[in-house]
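Below is upload.cif, which holds mmCIF, C-alpha atoms and all ligand atoms.
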```
data_final
#
loop_
_atom_site.label_atom_id
_atom_site.label_comp_id
_atom_site.auth_asym_id
_atom_site.auth_seq_id
_atom_site.Cartn_x
_atom_site.Cartn_y
_atom_site.Cartn_z
CA MET M 17 92.68 124.84 84.48
CA ASP M 18 91.53 124.72 80.95
CA ASP M 19 90.92 126.93 78.03
CA SER M 20 88.68 129.64 79.33
CA THR M 21 89.08 132.37 81.84
CA SER M 22 85.31 132.33 82.30
CA GLN M 23 85.27 128.73 83.43
CA SER M 24 83.28 129.35 86.59
CA PHE M 25 80.56 131.09 84.60
CA ARG M 26 80.56 128.32 82.06
CA ARG M 27 80.40 125.69 84.78
CA ALA M 28 77.41 127.44 86.32
CA TRP M 29 75.71 127.52 82.95
CA THR M 30 76.62 123.92 82.35
CA GLU M 31 75.30 122.64 85.64
CA SER M 32 72.02 124.46 85.32
CA SER M 33 71.25 123.64 81.73
CA LEU M 34 72.81 120.34 80.83
CA GLU M 35 70.69 117.35 81.60
CA PRO M 36 70.64 114.06 79.74
CA SER M 37 68.66 115.06 76.72
CA GLY M 38 66.18 112.25 76.45
CA PRO M 39 65.73 108.67 75.36
CA THR M 40 68.61 108.78 72.89
CA ASP M 41 70.98 109.21 75.81
CA LEU M 42 69.72 106.06 77.50
CA ALA M 43 72.28 103.45 76.61
CA PRO M 44 72.93 100.81 79.25
CA ALA M 45 76.45 99.57 79.72
CA PRO M 46 76.95 96.59 77.43
CA ASP M 47 77.23 93.16 79.01
CA SER M 48 79.22 91.64 76.18
CA VAL M 49 82.68 90.33 77.05
CA GLY M 50 85.40 92.92 76.77
CA ALA M 51 85.72 96.56 77.68
CA HIS M 52 83.60 99.54 76.67
CA LEU M 53 84.34 103.24 76.99
CA ARG M 54 81.76 106.00 77.05
CA ILE M 55 82.65 109.66 77.25
CA LEU M 56 80.01 111.15 79.54
CA ALA M 57 81.25 114.67 78.85
CA SER M 58 84.39 116.22 77.46
CA GLY M 59 85.45 119.83 77.16
CA SER M 60 86.55 122.79 79.20
CA SER M 61 83.34 122.68 81.28
CA GLY M 62 84.02 119.19 82.59
CA ASN M 63 85.50 115.84 81.66
CA CYS M 64 84.29 112.43 82.79
CA SER M 65 84.31 109.03 81.11
CA VAL M 66 83.09 105.64 82.24
CA LEU M 67 84.95 102.43 81.49
CA VAL M 68 83.20 99.08 81.87
CA ASN M 69 84.73 95.63 81.62
CA SER M 70 82.78 92.40 81.45
CA GLY M 71 84.48 89.06 81.83
CA ASP M 72 85.14 86.21 84.24
CA SER M 73 84.90 88.52 87.25
CA GLY M 74 81.56 89.96 86.15
CA ARG M 75 80.91 93.52 85.09
CA ARG M 76 83.17 96.13 86.69
CA ALA M 77 83.28 99.88 86.14
CA TRP M 78 85.65 102.83 86.65
CA LEU M 79 85.60 106.54 85.92
CA ILE M 80 88.38 108.35 84.13
CA ASP M 81 88.36 111.90 85.54
CA ALA M 82 85.60 113.40 87.66
CA GLY M 83 85.17 116.86 86.21
CA LEU M 84 81.38 116.94 86.48
CA SER M 85 79.41 117.66 89.63
CA PRO M 86 78.41 114.64 91.70
CA ARG M 87 74.78 115.29 90.74
CA ARG M 88 75.41 115.37 87.03
CA THR M 89 77.72 112.38 87.25
CA ARG M 90 75.01 110.39 88.99
CA LEU M 91 72.46 111.40 86.33
CA LEU M 92 74.72 110.37 83.49
CA LEU M 93 75.68 107.11 85.18
CA ALA M 94 71.99 106.38 85.66
CA SER M 95 71.53 106.79 81.91
CA CYS M 96 74.06 103.96 81.58
CA GLY M 97 72.25 101.77 84.12
CA LEU M 98 75.02 102.41 86.65
CA THR M 99 75.27 104.05 90.07
CA LEU M 100 78.22 105.52 91.93
CA ALA M 101 78.31 102.34 93.98
CA ASP M 102 79.23 100.45 90.81
CA ILE M 103 82.37 102.56 90.33
CA GLU M 104 85.41 100.76 91.75
CA SER M 105 87.70 103.74 91.47
CA VAL M 106 88.18 107.07 89.75
CA ILE M 107 91.41 107.40 87.80
CA LEU M 108 92.39 111.04 87.50
CA THR M 109 94.57 112.27 84.67
CA HIS M 110 95.30 115.43 86.68
CA LEU M 111 93.58 117.82 89.06
CA ASP M 112 92.53 120.79 86.95
CA ALA M 113 89.00 121.91 87.78
CA ASP M 114 87.59 120.53 84.54
CA HIS M 115 88.93 117.07 85.46
CA PHE M 116 88.17 117.06 89.17
CA HIS M 117 85.06 118.96 90.26
CA SER M 118 85.30 120.51 93.72
CA GLY M 119 81.80 119.22 94.49
CA TRP M 120 83.39 115.83 95.12
CA LEU M 121 85.05 117.27 98.24
CA GLY M 122 81.67 117.63 99.94
CA PRO M 123 80.94 115.31 102.85
CA ARG M 124 78.03 113.60 101.11
CA ALA M 125 79.53 113.33 97.65
CA ALA M 126 80.41 109.63 98.05
CA LEU M 127 83.51 109.92 95.91
CA PRO M 128 84.79 106.44 95.00
CA PRO M 129 88.46 105.69 95.75
CA VAL M 130 90.74 107.94 93.72
CA ARG M 131 93.85 106.85 91.87
CA LEU M 132 96.21 109.49 90.56
CA HIS M 133 99.86 109.98 89.69
CA LEU M 134 102.47 110.56 92.40
CA ARG M 135 103.04 113.99 90.92
CA HIS M 136 99.51 114.96 91.93
CA GLU M 137 99.41 113.24 95.31
CA GLY M 138 100.58 116.21 97.38
CA LEU M 139 98.04 118.55 95.80
CA ALA M 140 95.30 115.95 96.23
CA ARG M 141 96.03 115.70 99.93
CA ARG M 142 96.23 119.48 100.35
CA ILE M 143 92.81 120.02 98.83
CA GLY M 144 91.39 117.16 100.88
CA ILE M 145 90.60 114.41 98.41
CA PRO M 146 89.90 111.35 100.57
CA GLY M 147 91.11 107.85 99.86
CA VAL M 148 93.88 108.68 97.42
CA GLN M 149 96.02 105.89 96.01
CA ALA M 150 98.99 107.21 94.06
CA PHE M 151 100.71 105.41 91.20
CA GLY M 152 104.14 105.97 89.77
CA GLY M 153 104.07 103.13 87.29
CA ALA M 154 101.82 100.38 86.07
CA PHE M 155 99.04 99.18 88.35
CA ASN M 156 96.24 96.63 88.25
CA LEU M 157 92.52 97.12 87.94
CA GLY M 158 91.84 93.87 89.79
CA PRO M 159 92.20 90.97 87.37
CA CYS M 160 90.71 92.98 84.51
CA ALA M 161 93.52 95.18 83.27
CA VAL M 162 96.94 96.66 83.81
CA VAL M 163 97.04 100.44 83.56
CA ASP M 164 100.37 101.79 82.35
CA PRO M 165 100.71 105.57 82.70
CA ILE M 166 103.12 107.99 81.13
CA LEU M 167 103.52 111.46 82.60
CA MET M 168 103.30 114.24 80.03
CA ASN M 169 103.84 117.96 80.05
CA HIS M 170 100.81 120.04 81.05
CA ASP M 171 101.09 123.21 83.09
CA ASP M 172 103.13 122.76 86.30
CA LEU M 173 102.34 119.25 87.48
CA GLY M 174 101.88 117.39 84.23
CA VAL M 175 99.17 114.97 83.21
CA ALA M 176 98.99 111.18 83.23
CA ALA M 177 98.23 109.59 79.88
CA LEU M 178 96.94 106.07 80.41
CA ARG M 179 97.21 102.81 78.50
CA PHE M 180 94.86 100.03 79.57
CA ASP M 181 95.92 96.48 78.70
CA PHE M 182 92.88 94.32 79.33
CA ALA M 183 93.06 90.66 80.31
CA SER M 184 90.82 90.00 77.31
CA GLY M 185 93.60 91.24 75.04
CA GLY M 186 92.08 94.59 74.08
CA ARG M 187 94.10 97.77 74.53
CA LEU M 188 92.89 101.32 75.12
CA GLY M 189 94.86 104.55 75.19
CA PHE M 190 93.44 107.62 76.93
CA ALA M 191 95.25 110.94 76.70
CA THR M 192 94.05 114.48 77.27
CA ASP M 193 95.55 117.88 78.05
CA LEU M 194 98.91 117.12 76.46
CA GLY M 195 101.46 119.80 75.86
CA ARG M 196 102.98 117.80 73.03
CA ALA M 197 102.57 114.30 71.64
CA THR M 198 106.21 113.30 72.10
CA SER M 199 107.93 110.23 70.64
CA PRO M 200 107.93 108.43 74.04
CA PHE M 201 104.19 109.07 74.15
CA THR M 202 103.41 107.74 70.68
CA ARG M 203 105.60 104.69 71.33
CA HIS M 204 103.81 104.11 74.64
CA MET M 205 100.45 104.13 72.91
CA ALA M 206 101.47 102.47 69.65
CA GLY M 207 99.06 99.88 68.32
CA VAL M 208 96.24 100.28 70.84
CA ASP M 209 92.87 99.09 69.58
CA VAL M 210 91.07 102.24 70.69
CA LEU M 211 92.67 105.62 71.25
CA ALA M 212 90.90 108.45 73.06
CA LEU M 213 92.94 111.57 72.38
CA GLU M 214 92.34 115.26 72.83
CA SER M 215 91.95 117.44 69.74
CA ASN M 216 91.53 120.75 71.47
CA TYR M 217 91.76 123.60 69.02
CA CYS M 218 92.01 124.85 65.48
CA PRO M 219 95.08 127.15 65.39
CA ARG M 220 93.33 129.64 63.12
CA LEU M 221 90.29 129.93 65.39
CA GLN M 222 92.59 130.13 68.40
CA LEU M 223 94.61 132.99 66.95
CA GLU M 224 91.49 134.81 65.71
CA SER M 225 89.70 134.49 69.05
CA ASP M 226 89.42 137.38 71.47
CA ARG M 227 91.25 135.44 74.15
CA PRO M 228 94.12 137.20 75.90
CA ARG M 229 97.56 136.60 74.47
CA PHE M 230 98.82 134.82 77.61
CA LEU M 231 96.04 132.26 77.32
CA LYS M 232 96.73 131.57 73.65
CA ASP M 233 100.42 131.20 74.47
CA ARG M 234 99.69 128.81 77.30
CA ILE M 235 97.41 126.60 75.23
CA MET M 236 99.66 126.49 72.17
CA GLY M 237 103.05 126.69 73.87
CA GLY M 238 103.79 123.04 74.51
CA ARG M 239 102.39 122.83 78.04
CA GLY M 240 98.73 123.23 77.18
CA HIS M 241 96.75 121.32 74.60
CA LEU M 242 97.02 119.55 71.25
CA SER M 243 95.71 121.23 68.14
CA ASN M 244 93.65 119.27 65.62
CA GLN M 245 96.75 118.89 63.44
CA GLN M 246 98.91 117.71 66.34
CA ALA M 247 96.24 115.20 67.33
CA ALA M 248 96.00 113.90 63.76
CA GLU M 249 99.78 113.50 63.56
CA ALA M 250 99.80 111.65 66.88
CA ALA M 251 96.95 109.40 65.76
CA ALA M 252 98.84 108.61 62.56
CA ALA M 253 101.92 107.65 64.57
CA ILE M 254 99.99 105.58 67.10
CA ALA M 255 97.75 103.96 64.47
CA PRO M 256 94.83 102.78 66.62
CA ARG M 257 93.59 99.51 65.19
CA LEU M 258 89.84 100.11 65.44
CA HIS M 259 88.66 103.44 66.78
CA LEU M 260 89.74 107.01 67.53
CA VAL M 261 87.77 109.07 70.02
CA LEU M 262 88.50 112.79 69.95
CA LEU M 263 88.35 114.46 73.36
CA HIS M 264 88.18 117.96 74.79
CA LEU M 265 87.24 120.00 71.71
CA SER M 266 87.22 123.69 72.56
CA ASP M 267 83.78 125.28 72.26
CA GLN M 268 85.28 128.59 71.30
CA CYS M 269 88.24 127.59 69.14
CA ASN M 270 87.25 124.37 67.42
CA ARG M 271 84.48 122.69 65.45
CA PRO M 272 83.77 118.97 65.08
CA ASP M 273 83.92 119.19 61.28
CA LEU M 274 87.38 120.76 61.40
CA ALA M 275 88.67 118.09 63.75
CA ALA M 276 87.04 115.26 61.77
CA ALA M 277 88.35 116.46 58.41
CA LEU M 278 91.91 115.58 59.39
CA HIS M 279 90.91 111.92 59.83
CA ALA M 280 89.05 111.51 56.54
CA GLY M 281 90.05 108.22 54.94
CA ALA M 282 91.75 106.92 58.08
CA PRO M 283 91.38 103.18 58.67
CA TYR M 284 89.74 103.62 62.09
CA ALA M 285 86.24 104.58 63.16
CA LEU M 286 85.90 108.09 64.54
CA THR M 287 83.86 109.34 67.48
CA ILE M 288 83.89 112.98 68.50
CA SER M 289 83.02 113.52 72.13
CA GLU M 290 80.84 116.41 73.23
CA GLN M 291 80.43 118.59 76.26
CA ARG M 292 76.65 118.31 76.38
CA HIS M 293 75.88 114.73 75.38
CA PRO M 294 77.47 111.40 76.19
CA SER M 295 79.15 109.53 73.37
CA ARG M 296 78.12 106.13 72.17
CA TRP M 297 79.71 103.13 73.88
CA VAL M 298 83.01 102.44 72.15
CA PRO M 299 83.98 98.77 72.35
CA VAL M 300 87.49 97.62 73.18
CA PRO M 301 86.84 94.04 72.11
CA PRO M 302 88.71 90.93 73.25
CA ARG M 303 91.66 90.03 71.11
CA ALA M 304 93.18 86.58 71.01
CA GLY M 305 96.90 86.06 70.83
CA ARG M 306 97.96 89.04 72.89
CA PRO M 307 100.59 88.38 75.57
CA ALA M 308 99.28 87.70 79.08
CA LEU M 309 98.86 90.64 81.40
CA ARG M 310 101.95 91.74 83.20
CA VAL M 311 101.42 91.80 86.95
CA ALA M 312 101.96 95.25 88.35
CA PRO M 313 104.49 95.19 91.20
CA ALA M 314 103.26 95.56 94.75
CA THR M 315 105.64 98.41 95.42
CA VAL M 316 105.67 101.61 93.44
CA ARG M 317 108.24 101.78 90.72
CA ILE M 318 109.05 104.84 88.67
CA PRO M 319 110.56 103.78 85.36
CA ALA M 320 113.02 106.24 83.94
CA SER M 321 110.98 106.43 80.75
CA LEU M 322 108.08 107.84 82.75
CA PHE M 323 109.82 111.16 83.16
CA SER M 324 111.47 111.29 79.79
CA ALA M 325 108.77 113.59 78.50
CA PHE M 326 108.63 115.66 81.66
CA PRO M 327 111.79 117.22 83.00
CA ALA M 328 111.75 117.42 86.78
ZN ZN M 401 91.19 119.94 80.60
#
```
Is it possible to express this structure as structure tokens?
Amino acid sequence: MDDSTSQSFRRAWTESSLEPSGPTDLAPAPDSVGAHLRILASGSSGNCSVLVNSGDSGRRAWLIDAGLSPRRTRLLLASCGLTLADIESVILTHLDADHFHSGWLGPRAALPPVRLHLRHEGLARRIGIPGVQAFGGAFNLGPCAVVDPILMNHDDLGVAALRFDFASGGRLGFATDLGRATSPFTRHMAGVDVLALESNYCPRLQLESDRPRFLKDRIMGGRGHLSNQQAAEAAAAIAPRLHLVLLHLSDQCNRPDLAAALHAGAPYALTISEQRHPSRWVPVPPRAGRPALRVAPATVRIPASLFSAFPA
């Protein structure tokens, strides 16, 4: 669950009023070699991103999180020139309602195969998500990439932060709903080309808001979300080479200008994702000279480091 007790109301408002806003949203998935990330929506009313890779095996696509209704997801994919049938799998960071929309449980939703962390597998099966493949360590996206997760603190079951090492040499980090940006986390993500990282709240706006105390404590207490300052410190430690994408800004307790101000003068480009409009396509370009992809093992392994940030 995310940062509003009125989430169901907000979702209803979102689903009825948020449509792709016109020609400026029409941006087909690039065909150029390498990977591209587009945040279709990000925030407490729903999170969904599309990742496209073009290379020797053609153009392939995945979703990261599925927190929008199937209908809205289809609409936004169409604005990218994609359909659900193009999506090879959905990689879920966790199962909060703003990251997995219950509409996908419907019989006609046509949910692509779901990949999620072992920590979330039991819950996924209990709520009836079909076709779940659980990971406990690095896994392949076909020949295109190795995905290396690290489990982080977030509420009871944690959240998977993901590093994508593409065969083309580009590297992408994707991390949202973090309790804290720990040292194992920043080391895991260090030196990615593109980092998508949540920057959820301004502490002053959070404290001044009329939210109940328990909710403020949950968000700010190390098992909730990163503040703008915490995100900026994490970005400084990780030092993305090209681009920082800020995710999951709170509508109520944040503003894009406040989040952006902490990255003024940084050596990377900045994109701030929005709840109501898709972001631009952010390239994760090929990079020569990177080591070859490691092959993920056929059997699940759980490296000790995976749980270093998440006591059992
Ligand atoms: Zn969330």
Practice problem: May I have the residues within 9 Å of ligand ZN 401 (chain M), computed using all atoms listed in the file, as JSON, numbers by chain? | Solution: {"M": [17, 18, 19, 58, 59, 60, 61, 62, 63, 83, 110, 112, 113, 114, 115, 192, 193, 240, 241, 264]}
Practice problem: Tell me which protein, DNA and RNA residues are within 12 Å of stretch 297-308 of chain M, counting all atoms listed in the file, leaving out same-chain ones fewer than 5 positions away, and put them as a PyMOL selection string. | Solution: chain M and resi 41-56+65-71+96+159-162+180-189+207-212+256-262+285-289
Quiz item: Between M:Ala280, M:Ile80, M:Ala250, M:Leu111, which has the minimum distance to M:Thr202 (counting only C-alpha atoms)?
Solution: M:Ala250
Practice problem: Up to 6 Å from (84.8, 118.7, 89.6) in the file's coordinates: name the residues, counting only C-alpha atoms, as a PyMOL selection string. | Solution: chain M and resi 82-85+113+116-119
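Among the candidates M:Asn169, M:Thr198, M:Gln149, M:Ser266, the one nearest to M:Glu214 when counting all atoms listed in the file is M:Ser266.
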Self-check item: Separation of atom CA of M:Leu167 from atom CA of M:Phe151 in Å
Solution: 10.9 Å
Quiz item: Which polymer residues have any atom within 8 Å of an atom of M:Ala206, counting all atoms listed in the file, with same-chain residues fewer than 6 positions away left out, as a PyMOL selection string?
Solution: chain M and resi 253-256
Quiz item: So what do you get for atom CA of M:Ala277 versus atom CA of M:Glu290, distance-wise?
Solution: 16.6 Å
Quiz item: Quick one: distance from atom CA of M:Ala154 to atom CA of M:Ala252 in Å, one decimal?
Solution: 25.1 Å
